[in-house]
Amino acid sequence: MSSQDNPNPQNDSGAAEIRKGLAGVVVDYTAISKVNPETNSLLYQGYPVQELAAQKTFEEVALLLWNGELPEASELTAFEAMERANRALDEKVKAAIDLLPDDCHPMDVCRTATSVIGAGHSLAEDTSAEAQLRKAQELFAAMPAVVAYDQRRRHGLPLVPPREDLGYSANLLWMTFGEEAAPEVVAAFNTSMILYAEHSFNASTFTARVITSTLADLHSAVTGAIGALKGPLHGGANEAVMHTFEEISAAGVDPSEWLADALAQKKKIMGFGHRVYKNGDSRVPTMRAALDDMAEHYGKTELLELYTGLEEAMAEAKDIKPNLDYPAGLVYHLMGFDTPTFTPLFVAARITGWTAHIMEQAGANSLIRPLSAYNGSDERHLS
Ligand code: COA
């Protein structure tokens with residue numbers, strides 16, 4: 001009997017072998033990205049993410065993740081035209097957002113918007129490869145307007161329509177702030193989108209793959225993935241980092257003092273540590289360089305003292321290094337995004353990785369259904 005068929009999996013000592021959090025468990029193959037904790041590297045379809053962030057646009061990287069190859073010039077032009085034509089906030093989606101309380105979490109807005117977009121899609125139940133790709137690309141084009149409009153409505157500001165003459169990153173910044181961003185700001189934002197795009201079988205991607213494995217539609221899988229990303233142990237960490245900085249500033253203490261107290265209370269320090277990387281996150285140096293650029297650009301280099309202070313204190317106290325969420329939150333803050341918008345920006349980026357995995361899962365599907373070891377009461381009967 002294979003271990004898959006065995007209803008009562010046990011190891012040699014007779015106890016069921018449980019890998020909490022599936023830590024160390026290899027679930028399936030993927031050709032989309034490779035995380036190598038030994039060399040601290042991350043490859044998208046074979047390319048180091050640092051090279052892509054330095055030389056490519058987010059649109060090119062999205063096509064790489066979906067198609068396996070960087071686009072030819074004509075393919076990129078056609079995709080950009082499609083993306084620009086699908087940017088406007090759909091009236092029904094806007095109406096659904098307007099029904100939500102304007103103090104609800106923006107991740108609830110992204111989740112609801114994705115669901116509404118899916119329910120109204122002409123190919124809603126079509127799970128063919130062609131339909132999946134089209135829905136993925138349309139969702140990629142639609143999400144920036146959702147994120148931008150939600151930040152604006154929370155501040156009592158009207159919607160800013162998209163501009164077709166701007167690239168993806170410049171347009172997202174335009175729709176959020178209603179003014180054209182400086183080229184270096186667009187470049188730093190593009191870098192963040194590329195670094196956030198994909199990261200193998202993380203919790204939200206795995207969620208999307210589980211939902212896809214039931215043959216459910218793409219929007220259901222992305223909606224579930226957004227729910228998984230919301231948690232502070234995953235995407236929600238980038239906003240939690242900002243709250244940490246605010247707490248340290250408000251307390252007026254040294255970061256090491258704040259940290260000693262937080263660790264004494266057994267708190268997890270957001271933006272530090274990683275399930276896979278144990279010697280540092282491969283994406284951090286690139287994002288840190290973007291943070292330095294932005295601190296310089298906005299004349300706020302004093303923020304870096306707090307950043308470095310906490311990083312050094314954490315290294316000394318626990319020998320734990322920052323993950324991507326640590327520098328990314330501060331970059332978004334400098335650009336003018338409010339803290340609750342940080343994780344929705346992660347959504348806009350990760351739609352690429354999620355949908356690439358959805359298509360990969362659907363292309364070689366097997367229902368994902370693990371086993372559990374029962375530890376409840378012995379069999380008993382109603383008298
Ligand atoms: N703050 C404080 N301690 C941390 C820590 C953190 N951010 N990350 C790990 N540790 C400690 C754990 O408490 C544990 O200590 P112990 O052995 O004394 O109990 C040890 O380091 C091992 O950590 P573990 O919980 O096994 O790591 P994990 O792989 O299960 O967790 C995370 C990985 C990401 C969930 C964890 O590092 C974390 O919660 N980080 C903060 C949230 C975050 O930034 N998430 C974004 C990830 S990209």
# chains A, B, ... in the order shown; residues from 1 in each chain; ligands from 1
$ residues_near_ligand --ligand "ligand 1" --cutoff "9 Å" --atoms "only C-alpha atoms and all ligand atoms" --output "PyMOL selection string"
chain A and resi 21+23+202+231-238+240-241+262-263+266-278+281+314+318-326
$ write_last_selection --atoms "C-alpha atoms" --output "PDB file, in the first residue's frame"
ATOM      1  CA  GLY A  21       3.045  23.822   8.609  1.00  0.00           C
ATOM      2  CA  ALA A  23       7.719  22.531   6.812  1.00  0.00           C
ATOM      3  CA  ASN A 202       4.397  30.294  -0.296  1.00  0.00           C
ATOM      4  CA  GLY A 231      -2.235  37.544   7.416  1.00  0.00           C
ATOM      5  CA  PRO A 232       0.719  39.210   9.160  1.00  0.00           C
ATOM      6  CA  LEU A 233       2.830  36.053   8.976  1.00  0.00           C
ATOM      7  CA  HIS A 234       2.667  36.445   5.181  1.00  0.00           C
ATOM      8  CA  GLY A 235       1.926  39.602   3.158  1.00  0.00           C
ATOM      9  CA  GLY A 236       0.484  41.563   6.056  1.00  0.00           C
ATOM     10  CA  ALA A 237       4.016  41.817   7.466  1.00  0.00           C
ATOM     11  CA  ASN A 238       4.857  44.863   5.318  1.00  0.00           C
ATOM     12  CA  ALA A 240       3.049  45.487  10.445  1.00  0.00           C
ATOM     13  CA  VAL A 241       6.641  46.714   9.933  1.00  0.00           C
ATOM     14  CA  ALA A 262       9.233  42.902  22.526  1.00  0.00           C
ATOM     15  CA  LEU A 263      11.320  39.714  22.596  1.00  0.00           C
ATOM     16  CA  LYS A 266       7.775  36.586  23.066  1.00  0.00           C
ATOM     17  CA  LYS A 267       6.555  38.769  20.201  1.00  0.00           C
ATOM     18  CA  LYS A 268       7.394  37.915  16.583  1.00  0.00           C
ATOM     19  CA  ILE A 269       9.152  40.873  15.013  1.00  0.00           C
ATOM     20  CA  MET A 270       7.447  41.552  11.707  1.00  0.00           C
ATOM     21  CA  GLY A 271       9.620  41.827   8.605  1.00  0.00           C
ATOM     22  CA  PHE A 272      12.221  39.426  10.020  1.00  0.00           C
ATOM     23  CA  GLY A 273      12.761  35.715   9.442  1.00  0.00           C
ATOM     24  CA  HIS A 274      11.605  33.413   6.692  1.00  0.00           C
ATOM     25  CA  ARG A 275      10.405  29.832   6.423  1.00  0.00           C
ATOM     26  CA  VAL A 276      12.802  29.053   3.573  1.00  0.00           C
ATOM     27  CA  TYR A 277      15.692  31.535   3.787  1.00  0.00           C
ATOM     28  CA  LYS A 278      17.628  31.181   6.990  1.00  0.00           C
ATOM     29  CA  ASP A 281      16.222  36.936   1.885  1.00  0.00           C
ATOM     30  CA  MET A 314      17.710  41.897  15.671  1.00  0.00           C
ATOM     31  CA  LYS A 318      18.442  36.623  17.529  1.00  0.00           C
ATOM     32  CA  ASP A 319      20.713  36.432  14.475  1.00  0.00           C
ATOM     33  CA  ILE A 320      17.589  36.751  12.305  1.00  0.00           C
ATOM     34  CA  LYS A 321      17.723  38.768   9.083  1.00  0.00           C
ATOM     35  CA  PRO A 322      15.070  40.952   7.417  1.00  0.00           C
ATOM     36  CA  ASN A 323      12.764  39.646   4.710  1.00  0.00           C
ATOM     37  CA  LEU A 324      11.454  41.626   1.709  1.00  0.00           C
ATOM     38  CA  ASP A 325       8.621  43.167   3.732  1.00  0.00           C
ATOM     39  CA  TYR A 326      11.099  45.032   5.929  1.00  0.00           C
TER      40      TYR A 326
END
$ atom_distance --atom1 "CA of Ala141 (chain A)" --atom2 "CA of His105 (chain A)"
21.7 Å
$ select_by_dssp --residues "region 48-237 of chain A" --states "helix (DSSP H, G or I)" --output "MDAnalysis selection string"
chainID A and resid 49:55 58:67 73:85 91:99 106:119 129:154 168:177 183:196 203:213 218:230 237
$ residues_around --residues "region 296-303 of chain A" --least-positions-apart "6" --cutoff "9 Å" --atoms "only C-alpha atoms" --output "PyMOL selection string"
chain A and resi 184-185+330+334-335
$ closest_residue --among "A:Ala373, A:Ala182, A:Met82, A:Ala208" --to "Thr352 (chain A)" --atoms "only C-alpha atoms"
A:Ala208
$ residues_around --residues "Leu157 (chain A)" --least-positions-apart "5" --cutoff "12 Å" --atoms "only C-alpha atoms" --output "PyMOL selection string"
chain A and resi 102+148-152+175-178
$ write_last_selection --atoms "all heavy atoms" --output "PDB file, in the first residue's frame"
ATOM      1  N   ASP A 102     -15.799  52.367   4.411  1.00  0.00           N
ATOM      2  CA  ASP A 102     -14.515  52.887   3.947  1.00  0.00           C
ATOM      3  C   ASP A 102     -13.413  52.740   4.993  1.00  0.00           C
ATOM      4  O   ASP A 102     -12.265  53.078   4.725  1.00  0.00           O
ATOM      5  CB  ASP A 102     -14.593  54.307   3.365  1.00  0.00           C
ATOM      6  CG  ASP A 102     -15.253  55.280   4.297  1.00  0.00           C
ATOM      7  OD1 ASP A 102     -15.390  54.917   5.471  1.00  0.00           O
ATOM      8  OD2 ASP A 102     -15.631  56.378   3.850  1.00  0.00           O
ATOM      9  N   ALA A 148      -5.743  51.781  -6.056  1.00  0.00           N
ATOM     10  CA  ALA A 148      -5.608  53.244  -6.056  1.00  0.00           C
ATOM     11  C   ALA A 148      -6.913  53.907  -5.605  1.00  0.00           C
ATOM     12  O   ALA A 148      -6.907  54.813  -4.769  1.00  0.00           O
ATOM     13  CB  ALA A 148      -5.239  53.721  -7.459  1.00  0.00           C
ATOM     14  N   TYR A 149      -8.028  53.429  -6.145  1.00  0.00           N
ATOM     15  CA  TYR A 149      -9.318  54.039  -5.789  1.00  0.00           C
ATOM     16  C   TYR A 149      -9.596  53.864  -4.300  1.00  0.00           C
ATOM     17  O   TYR A 149     -10.104  54.773  -3.629  1.00  0.00           O
ATOM     18  CB  TYR A 149     -10.445  53.424  -6.633  1.00  0.00           C
ATOM     19  CG  TYR A 149     -11.819  53.908  -6.196  1.00  0.00           C
ATOM     20  CD1 TYR A 149     -12.132  55.261  -6.226  1.00  0.00           C
ATOM     21  CD2 TYR A 149     -12.793  53.016  -5.743  1.00  0.00           C
ATOM     22  CE1 TYR A 149     -13.383  55.722  -5.805  1.00  0.00           C
ATOM     23  CE2 TYR A 149     -14.034  53.457  -5.327  1.00  0.00           C
ATOM     24  CZ  TYR A 149     -14.324  54.810  -5.349  1.00  0.00           C
ATOM     25  OH  TYR A 149     -15.547  55.267  -4.930  1.00  0.00           O
ATOM     26  N   ASP A 150      -9.250  52.689  -3.764  1.00  0.00           N
ATOM     27  CA  ASP A 150      -9.552  52.457  -2.348  1.00  0.00           C
ATOM     28  C   ASP A 150      -8.740  53.381  -1.448  1.00  0.00           C
ATOM     29  O   ASP A 150      -9.272  53.912  -0.470  1.00  0.00           O
ATOM     30  CB  ASP A 150      -9.311  50.986  -1.988  1.00  0.00           C
ATOM     31  CG  ASP A 150      -9.820  50.690  -0.593  1.00  0.00           C
ATOM     32  OD1 ASP A 150     -10.968  51.082  -0.298  1.00  0.00           O
ATOM     33  OD2 ASP A 150      -9.086  50.104   0.206  1.00  0.00           O
ATOM     34  N   GLN A 151      -7.461  53.568  -1.766  1.00  0.00           N
ATOM     35  CA  GLN A 151      -6.694  54.518  -0.928  1.00  0.00           C
ATOM     36  C   GLN A 151      -7.321  55.914  -1.032  1.00  0.00           C
ATOM     37  O   GLN A 151      -7.486  56.611  -0.042  1.00  0.00           O
ATOM     38  CB  GLN A 151      -5.210  54.580  -1.343  1.00  0.00           C
ATOM     39  CG  GLN A 151      -4.538  55.839  -0.763  1.00  0.00           C
ATOM     40  CD  GLN A 151      -3.052  55.761  -0.448  1.00  0.00           C
ATOM     41  OE1 GLN A 151      -2.501  54.707  -0.210  1.00  0.00           O
ATOM     42  NE2 GLN A 151      -2.387  56.911  -0.442  1.00  0.00           N
ATOM     43  N   ARG A 152      -7.721  56.323  -2.244  1.00  0.00           N
ATOM     44  CA  ARG A 152      -8.276  57.677  -2.417  1.00  0.00           C
ATOM     45  C   ARG A 152      -9.597  57.837  -1.661  1.00  0.00           C
ATOM     46  O   ARG A 152      -9.829  58.831  -0.997  1.00  0.00           O
ATOM     47  CB  ARG A 152      -8.444  57.984  -3.904  1.00  0.00           C
ATOM     48  CG  ARG A 152      -7.107  58.178  -4.618  1.00  0.00           C
ATOM     49  CD  ARG A 152      -7.285  58.595  -6.046  1.00  0.00           C
ATOM     50  NE  ARG A 152      -7.793  59.962  -6.177  1.00  0.00           N
ATOM     51  CZ  ARG A 152      -7.055  61.059  -6.060  1.00  0.00           C
ATOM     52  NH1 ARG A 152      -5.762  60.984  -5.810  1.00  0.00           N
ATOM     53  NH2 ARG A 152      -7.620  62.254  -6.181  1.00  0.00           N
ATOM     54  N   MET A 175      -2.781  57.001 -10.743  1.00  0.00           N
ATOM     55  CA  MET A 175      -4.167  56.797 -10.281  1.00  0.00           C
ATOM     56  C   MET A 175      -4.287  56.960  -8.763  1.00  0.00           C
ATOM     57  O   MET A 175      -5.355  57.292  -8.252  1.00  0.00           O
ATOM     58  CB  MET A 175      -4.675  55.397 -10.679  1.00  0.00           C
ATOM     59  CG  MET A 175      -4.973  55.262 -12.164  1.00  0.00           C
ATOM     60  SD  MET A 175      -5.908  53.750 -12.532  1.00  0.00           S
ATOM     61  CE  MET A 175      -4.729  52.499 -12.136  1.00  0.00           C
ATOM     62  N   THR A 176      -3.186  56.702  -8.035  1.00  0.00           N
ATOM     63  CA  THR A 176      -3.250  56.842  -6.573  1.00  0.00           C
ATOM     64  C   THR A 176      -3.100  58.296  -6.142  1.00  0.00           C
ATOM     65  O   THR A 176      -3.822  58.776  -5.260  1.00  0.00           O
ATOM     66  CB  THR A 176      -2.138  56.001  -5.894  1.00  0.00           C
ATOM     67  OG1 THR A 176      -2.198  54.674  -6.387  1.00  0.00           O
ATOM     68  CG2 THR A 176      -2.314  55.984  -4.369  1.00  0.00           C
ATOM     69  N   PHE A 177      -2.150  59.008  -6.778  1.00  0.00           N
ATOM     70  CA  PHE A 177      -1.815  60.347  -6.271  1.00  0.00           C
ATOM     71  C   PHE A 177      -2.297  61.487  -7.161  1.00  0.00           C
ATOM     72  O   PHE A 177      -2.220  62.655  -6.771  1.00  0.00           O
ATOM     73  CB  PHE A 177      -0.292  60.445  -6.042  1.00  0.00           C
ATOM     74  CG  PHE A 177       0.205  59.370  -5.103  1.00  0.00           C
ATOM     75  CD1 PHE A 177       1.048  58.357  -5.547  1.00  0.00           C
ATOM     76  CD2 PHE A 177      -0.218  59.350  -3.776  1.00  0.00           C
ATOM     77  CE1 PHE A 177       1.472  57.361  -4.687  1.00  0.00           C
ATOM     78  CE2 PHE A 177       0.205  58.353  -2.908  1.00  0.00           C
ATOM     79  CZ  PHE A 177       1.053  57.359  -3.366  1.00  0.00           C
ATOM     80  N   GLY A 178      -2.747  61.154  -8.387  1.00  0.00           N
ATOM     81  CA  GLY A 178      -3.260  62.199  -9.277  1.00  0.00           C
ATOM     82  C   GLY A 178      -2.172  63.119  -9.785  1.00  0.00           C
ATOM     83  O   GLY A 178      -2.466  64.226 -10.245  1.00  0.00           O
TER      84      GLY A 178
END
$ residues_around --residues "Leu172 (chain A)" --least-positions-apart "4" --cutoff "10 Å" --atoms "only C-alpha atoms" --output "list in words"
Arg87, Met143, Pro144, Ala145, Val146, Val147, Ala148, Pro162, Arg163, Leu166, Gly167, Tyr168, Thr176, Phe177, Gly178, Glu180, Ala181, Val186, Phe189, Leu345 and Ala348 of chain A
$ write_last_selection --atoms "all heavy atoms" --output "compact mmCIF listing (two decimals), in the first residue's frame"
# COMPACT_ATOMS: atom_id res chain seq x y z
N ARG A 87 -7.60 48.97 -17.97
CA ARG A 87 -7.23 49.54 -16.67
C ARG A 87 -8.37 50.21 -15.90
O ARG A 87 -8.29 50.35 -14.68
CB ARG A 87 -6.17 50.63 -16.89
CG ARG A 87 -4.80 50.10 -17.16
CD ARG A 87 -3.88 51.25 -17.48
NE ARG A 87 -2.52 50.76 -17.60
CZ ARG A 87 -1.51 51.52 -18.01
NH1 ARG A 87 -1.73 52.77 -18.36
NH2 ARG A 87 -0.30 51.01 -18.08
N MET A 143 -6.39 45.37 -11.34
CA MET A 143 -6.15 45.52 -9.89
C MET A 143 -5.61 46.89 -9.49
O MET A 143 -6.01 47.43 -8.44
CB MET A 143 -5.26 44.38 -9.38
CG MET A 143 -5.19 44.26 -7.88
SD MET A 143 -6.80 44.17 -7.03
CE MET A 143 -7.36 42.53 -7.48
N PRO A 144 -4.70 47.53 -10.26
CA PRO A 144 -4.20 48.84 -9.82
C PRO A 144 -5.31 49.86 -9.58
O PRO A 144 -5.25 50.64 -8.61
CB PRO A 144 -3.29 49.28 -10.98
CG PRO A 144 -2.78 47.99 -11.54
CD PRO A 144 -3.95 47.05 -11.45
N ALA A 145 -6.34 49.87 -10.41
CA ALA A 145 -7.43 50.84 -10.21
C ALA A 145 -8.16 50.58 -8.90
O ALA A 145 -8.60 51.51 -8.22
CB ALA A 145 -8.41 50.78 -11.38
N VAL A 146 -8.29 49.30 -8.53
CA VAL A 146 -8.96 48.94 -7.27
C VAL A 146 -8.14 49.47 -6.09
O VAL A 146 -8.67 50.12 -5.18
CB VAL A 146 -9.11 47.39 -7.17
CG1 VAL A 146 -9.61 46.98 -5.79
CG2 VAL A 146 -10.01 46.86 -8.28
N VAL A 147 -6.83 49.20 -6.13
CA VAL A 147 -5.95 49.59 -5.03
C VAL A 147 -5.90 51.12 -4.91
O VAL A 147 -6.01 51.69 -3.82
CB VAL A 147 -4.54 49.00 -5.26
CG1 VAL A 147 -3.58 49.46 -4.16
CG2 VAL A 147 -4.59 47.48 -5.31
N ALA A 148 -5.74 51.78 -6.06
CA ALA A 148 -5.61 53.24 -6.06
C ALA A 148 -6.91 53.91 -5.60
O ALA A 148 -6.91 54.81 -4.77
CB ALA A 148 -5.24 53.72 -7.46
N PRO A 162 -7.38 56.13 -15.33
CA PRO A 162 -6.04 55.73 -15.78
C PRO A 162 -5.56 56.56 -16.96
O PRO A 162 -6.36 57.20 -17.65
CB PRO A 162 -6.24 54.27 -16.19
CG PRO A 162 -7.69 54.13 -16.46
CD PRO A 162 -8.40 55.10 -15.58
N ARG A 163 -4.26 56.52 -17.20
CA ARG A 163 -3.66 57.18 -18.37
C ARG A 163 -3.03 56.13 -19.26
O ARG A 163 -2.13 55.40 -18.83
CB ARG A 163 -2.56 58.15 -17.89
CG ARG A 163 -3.06 59.37 -17.17
CD ARG A 163 -2.64 60.67 -17.84
NE ARG A 163 -1.30 60.72 -18.37
CZ ARG A 163 -0.30 61.45 -17.87
NH1 ARG A 163 -0.50 62.19 -16.79
NH2 ARG A 163 0.88 61.46 -18.44
N LEU A 166 0.97 55.97 -20.01
CA LEU A 166 1.94 55.61 -18.98
C LEU A 166 2.08 54.09 -18.87
O LEU A 166 1.11 53.36 -19.11
CB LEU A 166 1.51 56.17 -17.62
CG LEU A 166 1.37 57.69 -17.50
CD1 LEU A 166 0.79 58.06 -16.12
CD2 LEU A 166 2.72 58.39 -17.70
N GLY A 167 3.28 53.63 -18.47
CA GLY A 167 3.48 52.21 -18.21
C GLY A 167 2.72 51.81 -16.94
O GLY A 167 2.17 52.66 -16.23
N TYR A 168 2.75 50.51 -16.64
CA TYR A 168 1.98 49.97 -15.50
C TYR A 168 2.29 50.71 -14.20
O TYR A 168 1.40 51.20 -13.51
CB TYR A 168 2.29 48.48 -15.35
CG TYR A 168 1.63 47.80 -14.18
CD1 TYR A 168 0.48 47.04 -14.35
CD2 TYR A 168 2.15 47.92 -12.89
CE1 TYR A 168 -0.14 46.42 -13.26
CE2 TYR A 168 1.54 47.31 -11.80
CZ TYR A 168 0.40 46.57 -12.00
OH TYR A 168 -0.19 45.96 -10.91
N THR A 176 -3.19 56.70 -8.04
CA THR A 176 -3.25 56.84 -6.57
C THR A 176 -3.10 58.30 -6.14
O THR A 176 -3.82 58.78 -5.26
CB THR A 176 -2.14 56.00 -5.89
OG1 THR A 176 -2.20 54.67 -6.39
CG2 THR A 176 -2.31 55.98 -4.37
N PHE A 177 -2.15 59.01 -6.78
CA PHE A 177 -1.82 60.35 -6.27
C PHE A 177 -2.30 61.49 -7.16
O PHE A 177 -2.22 62.65 -6.77
CB PHE A 177 -0.29 60.44 -6.04
CG PHE A 177 0.20 59.37 -5.10
CD1 PHE A 177 1.05 58.36 -5.55
CD2 PHE A 177 -0.22 59.35 -3.78
CE1 PHE A 177 1.47 57.36 -4.69
CE2 PHE A 177 0.20 58.35 -2.91
CZ PHE A 177 1.05 57.36 -3.37
N GLY A 178 -2.75 61.15 -8.39
CA GLY A 178 -3.26 62.20 -9.28
C GLY A 178 -2.17 63.12 -9.78
O GLY A 178 -2.47 64.23 -10.24
N GLU A 180 1.97 62.95 -11.80
CA GLU A 180 2.97 62.07 -12.41
C GLU A 180 4.16 61.90 -11.47
O GLU A 180 4.69 62.89 -10.95
CB GLU A 180 3.46 62.67 -13.73
CG GLU A 180 2.89 61.93 -14.92
CD GLU A 180 3.41 62.46 -16.24
OE1 GLU A 180 4.59 62.23 -16.54
OE2 GLU A 180 2.63 63.13 -16.94
N ALA A 181 4.57 60.67 -11.27
CA ALA A 181 5.70 60.40 -10.37
C ALA A 181 7.02 60.62 -11.11
O ALA A 181 7.10 60.45 -12.33
CB ALA A 181 5.62 58.95 -9.90
N VAL A 186 9.19 55.86 -10.14
CA VAL A 186 8.60 54.81 -10.98
C VAL A 186 9.53 53.61 -11.01
O VAL A 186 9.09 52.45 -10.89
CB VAL A 186 8.35 55.34 -12.42
CG1 VAL A 186 7.84 54.22 -13.32
CG2 VAL A 186 7.35 56.50 -12.39
N PHE A 189 9.36 51.70 -7.75
CA PHE A 189 8.08 50.99 -7.66
C PHE A 189 8.09 49.75 -8.56
O PHE A 189 7.66 48.67 -8.16
CB PHE A 189 6.92 51.93 -8.03
CG PHE A 189 5.60 51.32 -7.75
CD1 PHE A 189 5.10 51.28 -6.46
CD2 PHE A 189 4.85 50.72 -8.76
CE1 PHE A 189 3.88 50.67 -6.18
CE2 PHE A 189 3.64 50.11 -8.49
CZ PHE A 189 3.15 50.09 -7.20
N LEU A 345 -0.76 46.36 -2.54
CA LEU A 345 0.26 46.52 -3.59
C LEU A 345 0.95 45.17 -3.84
O LEU A 345 1.28 44.83 -4.98
CB LEU A 345 1.30 47.58 -3.17
CG LEU A 345 0.75 49.01 -3.09
CD1 LEU A 345 1.78 49.94 -2.45
CD2 LEU A 345 0.35 49.54 -4.47
N ALA A 348 -1.30 43.28 -6.11
CA ALA A 348 -1.17 43.69 -7.52
C ALA A 348 0.04 43.01 -8.16
O ALA A 348 -0.01 42.57 -9.32
CB ALA A 348 -1.06 45.21 -7.61
$ closest_residue --among "A:Gln55, A:Gln50, A:Ser192, A:Asn67" --to "Ala290 (chain A)" --atoms "only C-alpha atoms"
A:Ser192
$ residues_around --residues "region 222-226 of chain A" --least-positions-apart "3" --cutoff "12 Å" --atoms "only C-alpha atoms" --output "PyMOL selection string"
chain A and resi 106-119+132+135-136+139-140+143+201-212+216-219+229-231+234-236+343-359
$ residues_around --residues "Glu51 (chain A)" --least-positions-apart "6" --cutoff "12 Å" --atoms "only C-alpha atoms" --output "PDB file with N, CA and C atoms, in the first residue's frame"
ATOM      1  N   SER A  41      19.415  32.793  -3.416  1.00  0.00           N
ATOM      2  CA  SER A  41      19.052  33.287  -4.748  1.00  0.00           C
ATOM      3  C   SER A  41      17.603  32.937  -5.076  1.00  0.00           C
ATOM      4  N   LEU A  42      17.058  33.724  -5.979  1.00  0.00           N
ATOM      5  CA  LEU A  42      15.691  33.517  -6.453  1.00  0.00           C
ATOM      6  C   LEU A  42      15.696  33.684  -7.964  1.00  0.00           C
ATOM      7  N   LEU A  43      15.261  32.638  -8.656  1.00  0.00           N
ATOM      8  CA  LEU A  43      15.221  32.676 -10.124  1.00  0.00           C
ATOM      9  C   LEU A  43      13.774  32.649 -10.582  1.00  0.00           C
ATOM     10  N   TYR A  44      13.420  33.513 -11.541  1.00  0.00           N
ATOM     11  CA  TYR A  44      12.112  33.432 -12.208  1.00  0.00           C
ATOM     12  C   TYR A  44      12.367  32.798 -13.576  1.00  0.00           C
ATOM     13  N   THR A  57      10.819  45.703 -17.269  1.00  0.00           N
ATOM     14  CA  THR A  57       9.611  46.278 -16.677  1.00  0.00           C
ATOM     15  C   THR A  57       8.794  45.144 -16.042  1.00  0.00           C
ATOM     16  N   VAL A  61       8.186  41.061 -16.996  1.00  0.00           N
ATOM     17  CA  VAL A  61       8.346  39.969 -16.035  1.00  0.00           C
ATOM     18  C   VAL A  61       7.041  39.176 -15.906  1.00  0.00           C
ATOM     19  N   THR A 191      10.669  48.049  -9.393  1.00  0.00           N
ATOM     20  CA  THR A 191      11.516  47.062  -8.710  1.00  0.00           C
ATOM     21  C   THR A 191      10.703  46.301  -7.663  1.00  0.00           C
ATOM     22  N   ILE A 194       8.375  43.745  -9.222  1.00  0.00           N
ATOM     23  CA  ILE A 194       9.089  42.563  -9.735  1.00  0.00           C
ATOM     24  C   ILE A 194       9.524  41.657  -8.574  1.00  0.00           C
ATOM     25  N   LEU A 195      10.025  42.259  -7.495  1.00  0.00           N
ATOM     26  CA  LEU A 195      10.487  41.439  -6.362  1.00  0.00           C
ATOM     27  C   LEU A 195       9.334  40.729  -5.665  1.00  0.00           C
ATOM     28  N   ARG A 283      15.935  38.870  -1.897  1.00  0.00           N
ATOM     29  CA  ARG A 283      15.373  40.083  -2.513  1.00  0.00           C
ATOM     30  C   ARG A 283      15.704  41.343  -1.742  1.00  0.00           C
ATOM     31  N   THR A 286      18.348  44.232  -3.121  1.00  0.00           N
ATOM     32  CA  THR A 286      17.806  45.054  -4.215  1.00  0.00           C
ATOM     33  C   THR A 286      16.772  46.045  -3.691  1.00  0.00           C
TER      34      THR A 286
END
